[in-house]
Amino acid sequence: MVLNVKKISKNFGGIQALTDVSFSINEGEILGIIGPNGAGKTTMFNMITSFYTPSSGEITFKDEVISGLKPHKITDKGICRTFQNIRLFPEMTVLDNVLVGTHSRTVSGVLKSVLRTKSQKQEENNIRAKAMDLLETVNLLDQYDDIAKNLSYGQQRRLEIARALASDPKLILLDEPAAGMNERETAELHHLIMKIKEMGITILLIEHDMPLVMKTCDRLVVLNFGKKIAEGDPEEIQKDPEVIKAYLGTEEDDESA
Ligand code: ATP
């Protein structure tokens with residue numbers, strides 16, 4: 001078990017965003033969190049990455065309590081994320097955006113940076129090579145010198161993933177990575193997520209694109225009104241009556257919509 005979420009609740013001045021939600025993620029697994037708008041999915045990501053402190057409950061990562069740590073400490077432990085609303089540095093190049101992500105892993109101190117020692121130059125070369133490798137992983141190598149804001153929406157989302165990977169995570173949290181993507185980009189995204197899994201990284205995925213979720217995830221947790229209403233493999237979840245009622249809907253619903 002990599003991550004263990006134990007009875008997490010979050011209250012925002014009267015709004016109960018999460019109530020006693022528990023689940024765990026096994027190493028190497030792709031776990032999906034699904035649920036209607038406002039179900040508490042992003043709030044859960046904000047709990048895991050310590051953007052917010054839980055009102056109650058506890059989160060452990062590799063058996064160490066991480067709830068309450070500063071967000072940068074969470075990155076140091078090996079957890080990274082992407083955002084529902086893309087958060088790149090739009091005026092910087094694609095490569096520089098990835099280099100920003102490596103920041104927490106550089107070892108050279110301030111004095112070395114000022115003196116630009118041989119070891120620091122070597123480190124810079126290694127980091128650049130690693131960033132270029134990551135751009136190849138997300139299929140953006142040809143765009144390395146482009147300005148980030150000029151990339152297509154799908155490319156920007158892939159760049160955010162490369163930047164997150166640059167911090168050498170053990171666990172990556174992807175918040176609606178397929179949002180705004182067309183069918184071809186979504187198919188590429190599926191392959192990219194599988195590639196990340198093959199790199200030995202555990203994945204937690206929030207996503208509304210159900211075909212993508214069902215074919216990508218090993219297991220799903222379903223939230224509704226801040227509560228966990230189901231957990232299981234994609235096949236079980238698709239048949240779960242409570243999930244169908246709350247979220248997935250039925251063919252009749254689609255016809256009447
Ligand atoms: P979506 O699929 O639309 O992104 P979600 O499942 O991610 O939804 P959350 O964004 O986690 O849902 O929101 C859960 C509830 O908590 C909502 O009622 C939301 O308005 C509320 N909420 C989230 N963040 C805050 C905040 N910072 N202050 C007050 N209420 C908040």
# chains A, B, ... in the order shown; residues from 1 in each chain; ligands from 1
>>> residues_near_ligand(ligand="ligand 1", cutoff="8 Å", atoms="only C-alpha atoms and all ligand atoms", output="list of chain:residue names")
A:Asn11, A:Phe12, A:Gly13, A:Ile15, A:Gln16, A:Ala17, A:Leu18, A:Ile34, A:Gly35, A:Pro36, A:Asn37, A:Gly38, A:Ala39, A:Gly40, A:Lys41, A:Thr42, A:Thr43, A:Met44, A:Gln84, A:His208, A:Leu223, A:Asn224, A:Phe225, A:Gly226
>>> write_last_selection(atoms="N, CA and C atoms", output="PDB file, in the first residue's frame")
ATOM      1  N   ASN A  11     -14.641  20.353   5.958  1.00  0.00           N
ATOM      2  CA  ASN A  11     -15.765  21.260   6.080  1.00  0.00           C
ATOM      3  C   ASN A  11     -15.292  22.667   5.717  1.00  0.00           C
ATOM      4  N   PHE A  12     -15.992  23.303   4.756  1.00  0.00           N
ATOM      5  CA  PHE A  12     -15.664  24.688   4.415  1.00  0.00           C
ATOM      6  C   PHE A  12     -16.772  25.583   4.956  1.00  0.00           C
ATOM      7  N   GLY A  13     -16.625  26.063   6.161  1.00  0.00           N
ATOM      8  CA  GLY A  13     -17.607  26.974   6.759  1.00  0.00           C
ATOM      9  C   GLY A  13     -19.043  26.539   6.533  1.00  0.00           C
ATOM     10  N   ILE A  15     -20.092  24.000   4.538  1.00  0.00           N
ATOM     11  CA  ILE A  15     -20.226  23.058   3.409  1.00  0.00           C
ATOM     12  C   ILE A  15     -19.374  21.832   3.706  1.00  0.00           C
ATOM     13  N   GLN A  16     -20.049  20.699   3.773  1.00  0.00           N
ATOM     14  CA  GLN A  16     -19.339  19.457   4.072  1.00  0.00           C
ATOM     15  C   GLN A  16     -18.858  18.869   2.733  1.00  0.00           C
ATOM     16  N   ALA A  17     -17.600  19.193   2.353  1.00  0.00           N
ATOM     17  CA  ALA A  17     -17.076  18.757   1.040  1.00  0.00           C
ATOM     18  C   ALA A  17     -16.713  17.279   1.045  1.00  0.00           C
ATOM     19  N   LEU A  18     -16.257  16.766   2.177  1.00  0.00           N
ATOM     20  CA  LEU A  18     -15.912  15.334   2.297  1.00  0.00           C
ATOM     21  C   LEU A  18     -16.349  14.849   3.673  1.00  0.00           C
ATOM     22  N   ILE A  34     -14.099   8.990  -9.298  1.00  0.00           N
ATOM     23  CA  ILE A  34     -15.155   9.553 -10.141  1.00  0.00           C
ATOM     24  C   ILE A  34     -16.323  10.020  -9.266  1.00  0.00           C
ATOM     25  N   GLY A  35     -17.199  10.789  -9.870  1.00  0.00           N
ATOM     26  CA  GLY A  35     -18.369  11.288  -9.147  1.00  0.00           C
ATOM     27  C   GLY A  35     -18.859  12.562  -9.805  1.00  0.00           C
ATOM     28  N   PRO A  36     -20.110  12.933  -9.544  1.00  0.00           N
ATOM     29  CA  PRO A  36     -20.676  14.135 -10.178  1.00  0.00           C
ATOM     30  C   PRO A  36     -19.940  15.407  -9.771  1.00  0.00           C
ATOM     31  N   ASN A  37     -20.224  16.503 -10.466  1.00  0.00           N
ATOM     32  CA  ASN A  37     -19.623  17.798 -10.117  1.00  0.00           C
ATOM     33  C   ASN A  37     -19.927  18.121  -8.657  1.00  0.00           C
ATOM     34  N   GLY A  38     -18.895  18.596  -7.953  1.00  0.00           N
ATOM     35  CA  GLY A  38     -19.075  18.979  -6.559  1.00  0.00           C
ATOM     36  C   GLY A  38     -19.046  17.812  -5.587  1.00  0.00           C
ATOM     37  N   ALA A  39     -18.698  16.621  -6.067  1.00  0.00           N
ATOM     38  CA  ALA A  39     -18.708  15.420  -5.210  1.00  0.00           C
ATOM     39  C   ALA A  39     -17.574  15.426  -4.188  1.00  0.00           C
ATOM     40  N   GLY A  40     -16.539  16.250  -4.439  1.00  0.00           N
ATOM     41  CA  GLY A  40     -15.426  16.316  -3.476  1.00  0.00           C
ATOM     42  C   GLY A  40     -14.114  15.759  -4.011  1.00  0.00           C
ATOM     43  N   LYS A  41     -14.050  15.499  -5.311  1.00  0.00           N
ATOM     44  CA  LYS A  41     -12.858  14.854  -5.893  1.00  0.00           C
ATOM     45  C   LYS A  41     -11.614  15.759  -5.788  1.00  0.00           C
ATOM     46  N   THR A  42     -11.755  16.997  -6.240  1.00  0.00           N
ATOM     47  CA  THR A  42     -10.591  17.896  -6.191  1.00  0.00           C
ATOM     48  C   THR A  42     -10.237  18.225  -4.745  1.00  0.00           C
ATOM     49  N   THR A  43     -11.236  18.330  -3.889  1.00  0.00           N
ATOM     50  CA  THR A  43     -10.946  18.559  -2.464  1.00  0.00           C
ATOM     51  C   THR A  43     -10.083  17.416  -1.923  1.00  0.00           C
ATOM     52  N   MET A  44     -10.357  16.197  -2.366  1.00  0.00           N
ATOM     53  CA  MET A  44      -9.546  15.058  -1.929  1.00  0.00           C
ATOM     54  C   MET A  44      -8.099  15.215  -2.405  1.00  0.00           C
ATOM     55  N   GLN A  84      -6.750  20.873 -12.644  1.00  0.00           N
ATOM     56  CA  GLN A  84      -7.919  20.912 -13.530  1.00  0.00           C
ATOM     57  C   GLN A  84      -7.800  22.122 -14.478  1.00  0.00           C
ATOM     58  N   HIS A 208     -13.731  12.726 -15.880  1.00  0.00           N
ATOM     59  CA  HIS A 208     -15.154  12.592 -16.216  1.00  0.00           C
ATOM     60  C   HIS A 208     -15.361  11.777 -17.493  1.00  0.00           C
ATOM     61  N   LEU A 223     -17.354   8.958  -5.502  1.00  0.00           N
ATOM     62  CA  LEU A 223     -17.816   9.916  -4.490  1.00  0.00           C
ATOM     63  C   LEU A 223     -19.129  10.544  -4.942  1.00  0.00           C
ATOM     64  N   ASN A 224     -19.972  10.841  -3.973  1.00  0.00           N
ATOM     65  CA  ASN A 224     -21.196  11.591  -4.251  1.00  0.00           C
ATOM     66  C   ASN A 224     -21.527  12.407  -3.016  1.00  0.00           C
ATOM     67  N   PHE A 225     -21.750  13.712  -3.179  1.00  0.00           N
ATOM     68  CA  PHE A 225     -21.985  14.605  -2.042  1.00  0.00           C
ATOM     69  C   PHE A 225     -20.964  14.383  -0.929  1.00  0.00           C
ATOM     70  N   GLY A 226     -19.694  14.232  -1.297  1.00  0.00           N
ATOM     71  CA  GLY A 226     -18.624  14.132  -0.300  1.00  0.00           C
ATOM     72  C   GLY A 226     -18.484  12.797   0.392  1.00  0.00           C
TER      73      GLY A 226
END
>>> residues_around(residues="Glu183 in chain A", least_positions_apart="3", cutoff="12 Å", atoms="only C-alpha atoms", output="list in words")
Gly154, Ala178, Ala179, Gly180, Thr186, Ala187, Glu188, Leu189, His190, Asp209, Pro211 and Leu212 of chain A
>>> residues_around(residues="Leu99 in chain A", least_positions_apart="4", cutoff="9 Å", atoms="only C-alpha atoms", output="JSON, numbers by chain")
{"A": [94, 95, 103, 127, 128, 130, 131, 163, 166]}
>>> residues_around(residues="Val243 in chain A", least_positions_apart="6", cutoff="8 Å", atoms="only C-alpha atoms", output="list of chain:residue names")
A:Val222, A:Ile229, A:Ala230, A:Ile237
>>> closest_residue(among="A:Val221, A:Leu134, A:Ile86, A:Ile244", to="Met199 in chain A", atoms="only C-alpha atoms")
A:Leu134
